[in-house]
file data_35.pdb (PDB, C-alpha atoms)
MODEL        1
ATOM      1  CA  MET A 168      85.249  88.377 105.234
ATOM      2  CA  ILE A 169      85.644  91.376 102.907
ATOM      3  CA  GLN A 170      85.301  93.799 105.843
ATOM      4  CA  GLN A 171      88.115  92.023 107.678
ATOM      5  CA  CYS A 172      90.201  92.131 104.507
ATOM      6  CA  SER A 173      89.538  95.837 103.981
ATOM      7  CA  PHE A 174      92.553  97.083 105.915
ATOM      8  CA  LEU A 175      94.757  94.261 104.647
ATOM      9  CA  ALA A 176      93.826  94.936 101.012
ATOM     10  CA  ILE A 177      94.575  98.630 101.328
ATOM     11  CA  ALA A 178      97.793  97.921 103.248
ATOM     12  CA  PHE A 179      98.878  95.454 100.543
ATOM     13  CA  ILE A 180      98.194  97.992  97.789
ATOM     14  CA  LEU A 181     100.034 100.700  99.717
ATOM     15  CA  LEU A 182     103.035  98.452 100.342
ATOM     16  CA  PHE A 183     103.442  97.508  96.709
ATOM     17  CA  THR A 184     102.954 100.883  95.049
ATOM     18  CA  SER A 185     105.806 103.221  94.289
ATOM     19  CA  PRO A 186     107.056 105.633  96.996
ATOM     20  CA  ALA A 187     105.681 108.540  94.943
ATOM     21  CA  ALA A 188     102.267 106.893  94.738
ATOM     22  CA  ARG A 189     102.295 106.183  98.487
ATOM     23  CA  ALA A 190     103.166 109.814  99.165
ATOM     24  CA  GLU A 191     100.106 110.818  97.147
ATOM     25  CA  GLY A 192      97.915 108.419  99.143
ATOM     26  CA  GLU A 193      97.132 106.057  96.278
ATOM     27  CA  VAL A 194      94.938 103.198  97.481
ATOM     28  CA  ILE A 195      93.946 101.389  94.263
ATOM     29  CA  ASP A 196      95.654  98.855  92.043
ATOM     30  CA  LYS A 197      96.542  99.233  88.350
ATOM     31  CA  LYS A 198      93.290  97.738  86.915
ATOM     32  CA  MET A 199      91.210 100.027  89.106
ATOM     33  CA  SER A 200      93.366 103.012  88.213
ATOM     34  CA  VAL A 201      92.974 102.384  84.462
ATOM     35  CA  ALA A 202      89.165 102.085  84.742
ATOM     36  CA  LEU A 203      88.997 105.249  86.841
ATOM     37  CA  GLU A 204      91.182 107.278  84.468
ATOM     38  CA  LYS A 205      89.049 106.138  81.513
ATOM     39  CA  SER A 206      85.769 107.067  83.195
ATOM     40  CA  ILE A 207      86.770 110.162  85.187
ATOM     41  CA  PRO A 208      90.026 111.630  83.848
ATOM     42  CA  GLY A 209      91.824 113.592  86.519
ATOM     43  CA  PHE A 210      90.033 111.952  89.468
ATOM     44  CA  THR A 211      92.091 112.257  92.642
ATOM     45  CA  ALA A 212      91.241 110.688  95.984
ATOM     46  CA  TRP A 213      91.311 113.114  98.898
ATOM     47  CA  LYS A 214      94.528 112.976 100.907
ATOM     48  CA  THR A 215      94.493 112.150 104.603
ATOM     49  CA  ARG A 216      95.519 115.725 105.360
ATOM     50  CA  ASP A 217      92.312 116.966 103.657
ATOM     51  CA  TYR A 218      90.255 115.611 106.591
ATOM     52  CA  THR A 219      89.933 117.075 110.079
ATOM     53  CA  PRO A 220      92.311 115.741 112.752
ATOM     54  CA  THR A 221      89.331 113.986 114.388
ATOM     55  CA  ILE A 222      88.554 112.070 111.183
ATOM     56  CA  GLN A 223      92.259 111.292 110.672
ATOM     57  CA  ARG A 224      92.520 109.830 114.202
ATOM     58  CA  SER A 225      89.353 107.793 113.767
ATOM     59  CA  ALA A 226      90.602 106.355 110.467
ATOM     60  CA  LEU A 227      93.914 105.397 112.072
ATOM     61  CA  GLU A 228      92.199 103.823 115.089
ATOM     62  CA  ASN A 229      89.893 101.837 112.800
ATOM     63  CA  LYS A 230      92.734 100.858 110.437
ATOM     64  CA  ARG A 231      91.110 102.515 107.430
ATOM     65  CA  HIS A 232      92.026 105.269 105.010
ATOM     66  CA  PRO A 233      89.474 108.102 105.344
ATOM     67  CA  CYS A 234      88.892 108.247 101.565
ATOM     68  CA  ALA A 235      88.565 104.540 100.757
ATOM     69  CA  LEU A 236      86.481 101.498 101.626
ATOM     70  CA  SER A 237      87.070  97.996 100.375
ATOM     71  CA  LEU A 238      83.722  96.156 100.081
ATOM     72  CA  ASP A 239      81.975  93.454  98.077
ATOM     73  CA  VAL A 240      78.747  95.247  97.181
ATOM     74  CA  ASN A 241      77.850  93.042  94.199
ATOM     75  CA  GLY A 242      78.513  89.743  96.026
ATOM     76  CA  ASP A 243      81.008  88.324  93.519
ATOM     77  CA  HIS A 244      83.708  87.783  96.200
ATOM     78  CA  GLU A 245      85.950  90.345  94.496
ATOM     79  CA  ILE A 246      86.935  93.672  96.032
ATOM     80  CA  ASP A 247      84.860  96.704  95.093
ATOM     81  CA  MET A 248      86.493  99.979  96.139
ATOM     82  CA  VAL A 249      84.589 103.079  97.227
ATOM     83  CA  LEU A 250      86.659 106.251  96.861
ATOM     84  CA  ASP A 251      85.988 109.763  98.095
ATOM     85  CA  GLY A 252      87.716 112.357  95.948
ATOM     86  CA  ARG A 253      87.465 114.976  93.257
ATOM     87  CA  ASP A 254      88.023 115.928  89.676
ATOM     88  CA  ASP A 255      88.713 119.488  88.577
ATOM     89  CA  ARG A 256      85.073 120.593  89.083
ATOM     90  CA  HIS A 257      83.279 118.235  91.484
ATOM     91  CA  HIS A 258      83.497 116.423  94.784
ATOM     92  CA  LEU A 259      82.863 112.787  93.857
ATOM     93  CA  LEU A 260      82.050 109.610  95.742
ATOM     94  CA  VAL A 261      82.653 106.700  93.374
ATOM     95  CA  CYS A 262      82.686 102.919  93.387
ATOM     96  CA  LEU A 263      85.045 100.767  91.374
ATOM     97  CA  LEU A 264      82.712  97.804  90.881
ATOM     98  CA  SER A 265      84.344  94.489  90.000
ATOM     99  CA  LYS A 266      83.188  92.896  86.768
ATOM    100  CA  PRO A 267      84.347  89.702  85.034
ATOM    101  CA  LYS A 268      86.696  91.713  82.792
ATOM    102  CA  GLY A 269      87.826  94.619  84.943
ATOM    103  CA  TYR A 270      86.004  97.391  86.772
ATOM    104  CA  GLU A 271      83.011  99.609  86.149
ATOM    105  CA  VAL A 272      83.142 103.094  87.662
ATOM    106  CA  ILE A 273      79.890 104.215  89.270
ATOM    107  CA  VAL A 274      79.476 107.799  90.447
ATOM    108  CA  ILE A 275      77.536 107.459  93.698
ATOM    109  CA  ARG A 276      77.396 111.130  94.616
ATOM    110  CA  GLU A 277      78.479 114.353  92.900
ATOM    111  CA  THR A 278      78.490 117.735  94.665
ATOM    112  CA  LEU A 279      80.191 121.113  94.414
ATOM    113  CA  LEU A 280      83.960 121.018  94.818
ATOM    114  CA  PRO A 281      85.018 122.272  98.256
ATOM    115  CA  ASP A 282      88.426 123.493  99.379
ATOM    116  CA  PRO A 283      89.125 121.343 102.467
ATOM    117  CA  GLN A 284      91.522 123.973 103.818
ATOM    118  CA  LYS A 285      88.655 126.486 104.023
ATOM    119  CA  ILE A 286      86.069 124.256 105.721
ATOM    120  CA  GLU A 287      85.668 125.082 109.419
ATOM    121  CA  ASN A 288      84.248 122.431 111.747
ATOM    122  CA  TRP A 289      83.784 122.044 115.467
ATOM    123  CA  ASN A 290      84.516 118.668 117.074
ATOM    124  CA  ASP A 291      84.067 118.388 120.831
ATOM    125  CA  GLY A 292      84.245 122.171 121.142
ATOM    126  CA  LYS A 293      87.497 122.478 119.179
ATOM    127  CA  LYS A 294      87.724 124.254 115.837
ATOM    128  CA  GLU A 295      89.181 122.063 113.091
ATOM    129  CA  ILE A 296      89.780 122.561 109.386
ATOM    130  CA  GLY A 297      89.029 119.944 106.727
ATOM    131  CA  LEU A 298      86.517 117.425 105.471
ATOM    132  CA  ASN A 299      84.477 116.228 108.433
ATOM    133  CA  TYR A 300      82.690 112.952 107.782
ATOM    134  CA  TYR A 301      83.285 109.231 108.092
ATOM    135  CA  LEU A 302      82.839 106.387 105.633
ATOM    136  CA  TRP A 303      81.756 103.272 107.558
ATOM    137  CA  PRO A 304      81.323  99.877 105.851
ATOM    138  CA  TYR A 305      78.308  97.684 106.547
ATOM    139  CA  LYS A 306      79.331  94.477 108.285
ATOM    140  CA  ASN A 307      77.973  92.434 105.355
ATOM    141  CA  GLY A 308      80.034  94.467 102.834
ATOM    142  CA  LYS A 309      76.934  95.297 100.759
ATOM    143  CA  GLY A 310      76.957  99.027 101.457
ATOM    144  CA  PHE A 311      78.253 101.816 103.646
ATOM    145  CA  THR A 312      77.345 104.922 105.621
ATOM    146  CA  LEU A 313      78.622 108.440 105.135
ATOM    147  CA  ALA A 314      78.318 109.805 108.675
ATOM    148  CA  ILE A 315      78.419 113.530 109.390
ATOM    149  CA  PRO A 316      79.036 113.988 113.127
ATOM    150  CA  GLN A 317      77.173 116.403 115.352
ATOM    151  CA  GLN A 318      79.116 119.602 115.972
ATOM    152  CA  SER A 319      79.155 121.870 119.007
ATOM    153  CA  ASP A 320      81.141 125.046 119.594
ATOM    154  CA  ALA A 321      83.555 125.857 122.446
ATOM    155  CA  GLU A 322      80.593 126.873 124.669
ATOM    156  CA  GLY A 323      78.840 123.561 124.032
ATOM    157  CA  HIS A 324      76.121 124.971 121.765
ATOM    158  CA  LEU A 325      74.901 122.462 119.204
ATOM    159  CA  LEU A 326      75.791 123.693 115.698
ATOM    160  CA  ASN A 327      74.204 120.839 113.720
ATOM    161  CA  ASP A 328      72.388 117.604 114.364
ATOM    162  CA  GLY A 329      74.660 115.481 112.243
ATOM    163  CA  ALA A 330      73.368 112.978 109.716
ATOM    164  CA  MET A 331      73.849 109.516 108.332
ATOM    165  CA  ILE A 332      73.568 108.854 104.625
ATOM    166  CA  ASP A 333      73.300 105.154 103.872
ATOM    167  CA  TYR A 334      74.237 103.672 100.513
ATOM    168  CA  THR A 335      73.144 100.163  99.583
ATOM    169  CA  PHE A 336      73.805  98.436  96.289
ATOM    170  CA  GLY A 337      71.031  96.695  94.380
ATOM    171  CA  ASP A 338      69.707  96.419  90.834
ATOM    172  CA  GLY A 339      73.094  97.538  89.485
ATOM    173  CA  LYS A 340      73.142 100.892  91.306
ATOM    174  CA  PHE A 341      73.507 102.524  94.712
ATOM    175  CA  HIS A 342      70.425 103.582  96.640
ATOM    176  CA  GLU A 343      70.633 106.470  99.123
ATOM    177  CA  SER A 344      68.667 106.976 102.331
ATOM    178  CA  HIS A 345      69.082 109.688 104.984
ATOM    179  CA  GLN A 346      68.765 109.854 108.743
ATOM    180  CA  THR A 347      69.203 112.925 110.956
ATOM    181  CA  LEU A 348      70.861 112.200 114.308
TER     182      LEU A 348
ENDMDL
END
call {"tool": "encode", "arguments": {"input": "data_35.pdb", "output": "structure tokens"}}
result
Amino acid sequence: MIQQCSFLAIAFILLFTSPAARAEGEVIDKKMSVALEKSIPGFTAWKTRDYTPTIQRSALENKRHPCALSLDVNGDHEIDMVLDGRDDRHHLLVCLLSKPKGYEVIVIRETLLPDPQKIENWNDGKKEIGLNYYLWPYKNGKGFTLAIPQQSDAEGHLLNDGAMIDYTFGDGKFHESHQTL
């Protein structure tokens, strides 16, 4: 049920935020925002324009925002939000985990901060600029996959094999596993 509600929850939040917040791509409610600001001051979710056109199209076709997933990883029937974004020094993948009295912020992954406008990718032989990966929810809402697609250049030469990084929640934390395509 949470997976089906994912798009509706994000759409609801987007409809009832201020025009300025919508322009900035805000996808979380006030309680989530307060918890996030307390835990990671200055966190900003990536904007749709930070992703390659291929990722933007896929997100639109699948009725999802490329930087956010609405799940229920802890099984409490409340929305847990996974956000892909940044602070002033790091690229961060975080989860706003629902708790009885608010939200706990869990940093799932922390890497060097990229400049999306300087990242070159090749999708179906076409050069694109931006972040080039998908966030896909598990059907049961208990985890998700960060999928990095295979890339080939204009001549059809394979540039990378692509990968899938799976994140499942258990024992109060996210567990990561990898698979090369």
call {"tool": "resolve_selection", "arguments": {"input": "data_35.pdb", "expression": "the PyMOL selection byres ((chain A and resi 207) around 10)", "output": "PDB file with C-alpha atoms, in the frame of the given file"}}
result
ATOM      1  CA  VAL A 201      92.974 102.384  84.462  1.00  0.00           C
ATOM      2  CA  ALA A 202      89.165 102.085  84.742  1.00  0.00           C
ATOM      3  CA  LEU A 203      88.997 105.249  86.841  1.00  0.00           C
ATOM      4  CA  GLU A 204      91.182 107.278  84.468  1.00  0.00           C
ATOM      5  CA  LYS A 205      89.049 106.138  81.513  1.00  0.00           C
ATOM      6  CA  SER A 206      85.769 107.067  83.195  1.00  0.00           C
ATOM      7  CA  PRO A 208      90.026 111.630  83.848  1.00  0.00           C
ATOM      8  CA  GLY A 209      91.824 113.592  86.519  1.00  0.00           C
ATOM      9  CA  PHE A 210      90.033 111.952  89.468  1.00  0.00           C
ATOM     10  CA  THR A 211      92.091 112.257  92.642  1.00  0.00           C
ATOM     11  CA  ARG A 253      87.465 114.976  93.257  1.00  0.00           C
ATOM     12  CA  ASP A 254      88.023 115.928  89.676  1.00  0.00           C
ATOM     13  CA  LEU A 259      82.863 112.787  93.857  1.00  0.00           C
ATOM     14  CA  VAL A 261      82.653 106.700  93.374  1.00  0.00           C
ATOM     15  CA  VAL A 272      83.142 103.094  87.662  1.00  0.00           C
ATOM     16  CA  ILE A 273      79.890 104.215  89.270  1.00  0.00           C
ATOM     17  CA  VAL A 274      79.476 107.799  90.447  1.00  0.00           C
TER      18      VAL A 274
END
call {"tool": "resolve_selection", "arguments": {"input": "data_35.pdb", "expression": "the PyMOL selection byres ((chain A and resi 243) around 12)", "output": "VMD selection string"}}
result
chain A and resid 169 238 to 242 244 to 247 264 to 267 308 to 309
call {"tool": "write_last_selection", "arguments": {"input": "data_35.pdb", "atoms": "C-alpha atoms", "output": "PDB file, in the frame of the given file"}}
result
ATOM      1  CA  ILE A 169      85.644  91.376 102.907  1.00  0.00           C
ATOM      2  CA  LEU A 238      83.722  96.156 100.081  1.00  0.00           C
ATOM      3  CA  ASP A 239      81.975  93.454  98.077  1.00  0.00           C
ATOM      4  CA  VAL A 240      78.747  95.247  97.181  1.00  0.00           C
ATOM      5  CA  ASN A 241      77.850  93.042  94.199  1.00  0.00           C
ATOM      6  CA  GLY A 242      78.513  89.743  96.026  1.00  0.00           C
ATOM      7  CA  HIS A 244      83.708  87.783  96.200  1.00  0.00           C
ATOM      8  CA  GLU A 245      85.950  90.345  94.496  1.00  0.00           C
ATOM      9  CA  ILE A 246      86.935  93.672  96.032  1.00  0.00           C
ATOM     10  CA  ASP A 247      84.860  96.704  95.093  1.00  0.00           C
ATOM     11  CA  LEU A 264      82.712  97.804  90.881  1.00  0.00           C
ATOM     12  CA  SER A 265      84.344  94.489  90.000  1.00  0.00           C
ATOM     13  CA  LYS A 266      83.188  92.896  86.768  1.00  0.00           C
ATOM     14  CA  PRO A 267      84.347  89.702  85.034  1.00  0.00           C
ATOM     15  CA  GLY A 308      80.034  94.467 102.834  1.00  0.00           C
ATOM     16  CA  LYS A 309      76.934  95.297 100.759  1.00  0.00           C
TER      17      LYS A 309
END
call {"tool": "closest_residue", "arguments": {"input": "data_35.pdb", "among": "A:Asp255, A:Leu279, A:Tyr301, A:Leu260", "to": "Asn229 of chain A", "atoms": "all atoms listed in the file"}}
result
A:Tyr301
call {"tool": "resolve_selection", "arguments": {"input": "data_35.pdb", "expression": "the PyMOL selection byres ((chain A and resi 318-332) around 7)", "output": "list of chain:residue names"}}
result
A:Trp289, A:Asn290, A:Asp291, A:Gly292, A:Lys293, A:Thr312, A:Leu313, A:Ala314, A:Ile315, A:Pro316, A:Gln317, A:Asp333, A:Tyr334, A:Glu343, A:Ser344, A:His345, A:Gln346, A:Thr347, A:Leu348
call {"tool": "closest_residue", "arguments": {"input": "data_35.pdb", "among": "A:Tyr300, A:Phe311, A:Tyr305, A:Phe336", "to": "Ala226 of chain A", "atoms": "only C-alpha atoms"}}
result
A:Tyr300
call {"tool": "atom_distance", "arguments": {"input": "data_35.pdb", "atom1": "atom CA of Lys214 of chain A", "atom2": "atom CA of Lys197 of chain A"}}
result
18.7 Å
call {"tool": "residues_around", "arguments": {"input": "data_35.pdb", "residues": "His257 of chain A", "least_positions_apart": "6", "cutoff": "9 Å", "atoms": "all atoms listed in the file", "output": "list in words"}}
result
Glu277, Thr278, Leu279, Leu280 and Pro281 of chain A
call {"tool": "atom_distance", "arguments": {"input": "data_35.pdb", "atom1": "atom CA of Asp338 of chain A", "atom2": "atom CA of Asp196 of chain A"}}
result
26.1 Å
call {"tool": "residues_near_point", "arguments": {"input": "data_35.pdb", "point": "(89.5, 109.2, 110.4)", "cutoff": "10 Å", "atoms": "only C-alpha atoms", "output": "ChimeraX atom specification"}}
result
/A:215,218-234,299-302
call {"tool": "write_last_selection", "arguments": {"input": "data_35.pdb", "atoms": "C-alpha atoms", "output": "PDB file, in the frame of the given file"}}
result
ATOM      1  CA  THR A 215      94.493 112.150 104.603  1.00  0.00           C
ATOM      2  CA  TYR A 218      90.255 115.611 106.591  1.00  0.00           C
ATOM      3  CA  THR A 219      89.933 117.075 110.079  1.00  0.00           C
ATOM      4  CA  PRO A 220      92.311 115.741 112.752  1.00  0.00           C
ATOM      5  CA  THR A 221      89.331 113.986 114.388  1.00  0.00           C
ATOM      6  CA  ILE A 222      88.554 112.070 111.183  1.00  0.00           C
ATOM      7  CA  GLN A 223      92.259 111.292 110.672  1.00  0.00           C
ATOM      8  CA  ARG A 224      92.520 109.830 114.202  1.00  0.00           C
ATOM      9  CA  SER A 225      89.353 107.793 113.767  1.00  0.00           C
ATOM     10  CA  ALA A 226      90.602 106.355 110.467  1.00  0.00           C
ATOM     11  CA  LEU A 227      93.914 105.397 112.072  1.00  0.00           C
ATOM     12  CA  GLU A 228      92.199 103.823 115.089  1.00  0.00           C
ATOM     13  CA  ASN A 229      89.893 101.837 112.800  1.00  0.00           C
ATOM     14  CA  LYS A 230      92.734 100.858 110.437  1.00  0.00           C
ATOM     15  CA  ARG A 231      91.110 102.515 107.430  1.00  0.00           C
ATOM     16  CA  HIS A 232      92.026 105.269 105.010  1.00  0.00           C
ATOM     17  CA  PRO A 233      89.474 108.102 105.344  1.00  0.00           C
ATOM     18  CA  CYS A 234      88.892 108.247 101.565  1.00  0.00           C
ATOM     19  CA  ASN A 299      84.477 116.228 108.433  1.00  0.00           C
ATOM     20  CA  TYR A 300      82.690 112.952 107.782  1.00  0.00           C
ATOM     21  CA  TYR A 301      83.285 109.231 108.092  1.00  0.00           C
ATOM     22  CA  LEU A 302      82.839 106.387 105.633  1.00  0.00           C
TER      23      LEU A 302
END
call {"tool": "atom_distance", "arguments": {"input": "data_35.pdb", "atom1": "atom CA of Leu263 of chain A", "atom2": "atom CA of Asp251 of chain A"}}
result
11.3 Å
call {"tool": "closest_residue", "arguments": {"input": "data_35.pdb", "among": "A:Asn307, A:Leu298, A:Lys340, A:Ala235", "to": "Pro283 of chain A", "atoms": "only C-alpha atoms"}}
result
A:Leu298
call {"tool": "closest_residue", "arguments": {"input": "data_35.pdb", "among": "A:Ser200, A:Ser237, A:Gly269, A:Gly297", "to": "Trp213 of chain A", "atoms": "only C-alpha atoms"}}
result
A:Gly297
call {"tool": "axis_aligned_box", "arguments": {"input": "data_35.pdb", "around": "segment 331-348 of chain A", "padding_each_side": "8 Å", "output": "JSON"}}
result
{"center_x": 71.5, "center_y": 104.7, "center_z": 101.9, "size_x": 21.6, "size_y": 32.5, "size_z": 40.8}
call {"tool": "build_atoms", "arguments": {"input": "data_35.pdb", "residues": "segment 245-268 of chain A", "atoms": "N, CA and C atoms", "output": "tab-separated table (two decimals), in the coordinates of the input"}}
result
chain	number	residue	atom	x	y	z
A	245	GLU	N	84.83	89.54	94.95
A	245	GLU	CA	85.95	90.34	94.50
A	245	GLU	C	85.83	91.71	95.16
A	246	ILE	N	86.95	92.38	95.36
A	246	ILE	CA	86.94	93.67	96.03
A	246	ILE	C	86.35	94.75	95.13
A	247	ASP	N	85.40	95.49	95.70
A	247	ASP	CA	84.86	96.70	95.09
A	247	ASP	C	85.37	97.84	95.97
A	248	MET	N	85.89	98.89	95.37
A	248	MET	CA	86.49	99.98	96.14
A	248	MET	C	85.63	101.23	96.03
A	249	VAL	N	85.27	101.79	97.18
A	249	VAL	CA	84.59	103.08	97.23
A	249	VAL	C	85.65	104.13	97.52
A	250	LEU	N	85.67	105.18	96.70
A	250	LEU	CA	86.66	106.25	96.86
A	250	LEU	C	85.96	107.60	96.98
A	251	ASP	N	86.45	108.40	97.89
A	251	ASP	CA	85.99	109.76	98.10
A	251	ASP	C	87.07	110.67	97.53
A	252	GLY	N	86.70	111.52	96.57
A	252	GLY	CA	87.72	112.36	95.95
A	252	GLY	C	87.12	113.47	95.11
A	253	ARG	N	87.85	113.81	94.04
A	253	ARG	CA	87.46	114.98	93.26
A	253	ARG	C	88.02	114.88	91.84
A	254	ASP	N	87.39	115.62	90.95
A	254	ASP	CA	88.02	115.93	89.68
A	254	ASP	C	88.25	117.43	89.69
A	255	ASP	N	88.42	118.05	88.55
A	255	ASP	CA	88.71	119.49	88.58
A	255	ASP	C	87.49	120.37	88.85
A	256	ARG	N	86.28	119.79	88.87
A	256	ARG	CA	85.07	120.59	89.08
A	256	ARG	C	84.15	120.10	90.19
A	257	HIS	N	84.26	118.81	90.57
A	257	HIS	CA	83.28	118.24	91.48
A	257	HIS	C	83.91	117.42	92.61
A	258	HIS	N	83.21	117.36	93.70
A	258	HIS	CA	83.50	116.42	94.78
A	258	HIS	C	82.75	115.15	94.41
A	259	LEU	N	83.45	114.03	94.34
A	259	LEU	CA	82.86	112.79	93.86
A	259	LEU	C	83.04	111.65	94.85
A	260	LEU	N	82.00	110.87	95.01
A	260	LEU	CA	82.05	109.61	95.74
A	260	LEU	C	81.78	108.54	94.69
A	261	VAL	N	82.76	107.67	94.46
A	261	VAL	CA	82.65	106.70	93.37
A	261	VAL	C	82.88	105.28	93.89
A	262	CYS	N	82.42	104.33	93.10
A	262	CYS	CA	82.69	102.92	93.39
A	262	CYS	C	83.33	102.30	92.17
A	263	LEU	N	84.41	101.58	92.41
A	263	LEU	CA	85.04	100.77	91.37
A	263	LEU	C	84.47	99.37	91.56
A	264	LEU	N	83.48	99.04	90.75
A	264	LEU	CA	82.71	97.80	90.88
A	264	LEU	C	83.35	96.70	90.05
A	265	SER	N	83.69	95.60	90.70
A	265	SER	CA	84.34	94.49	90.00
A	265	SER	C	83.38	93.84	89.01
A	266	LYS	N	83.91	93.56	87.85
A	266	LYS	CA	83.19	92.90	86.77
A	266	LYS	C	84.07	91.76	86.28
A	267	PRO	N	83.52	90.81	85.51
A	267	PRO	CA	84.35	89.70	85.03
A	267	PRO	C	85.60	90.14	84.27
A	268	LYS	N	85.54	91.27	83.56
A	268	LYS	CA	86.70	91.71	82.79
A	268	LYS	C	87.14	93.11	83.22
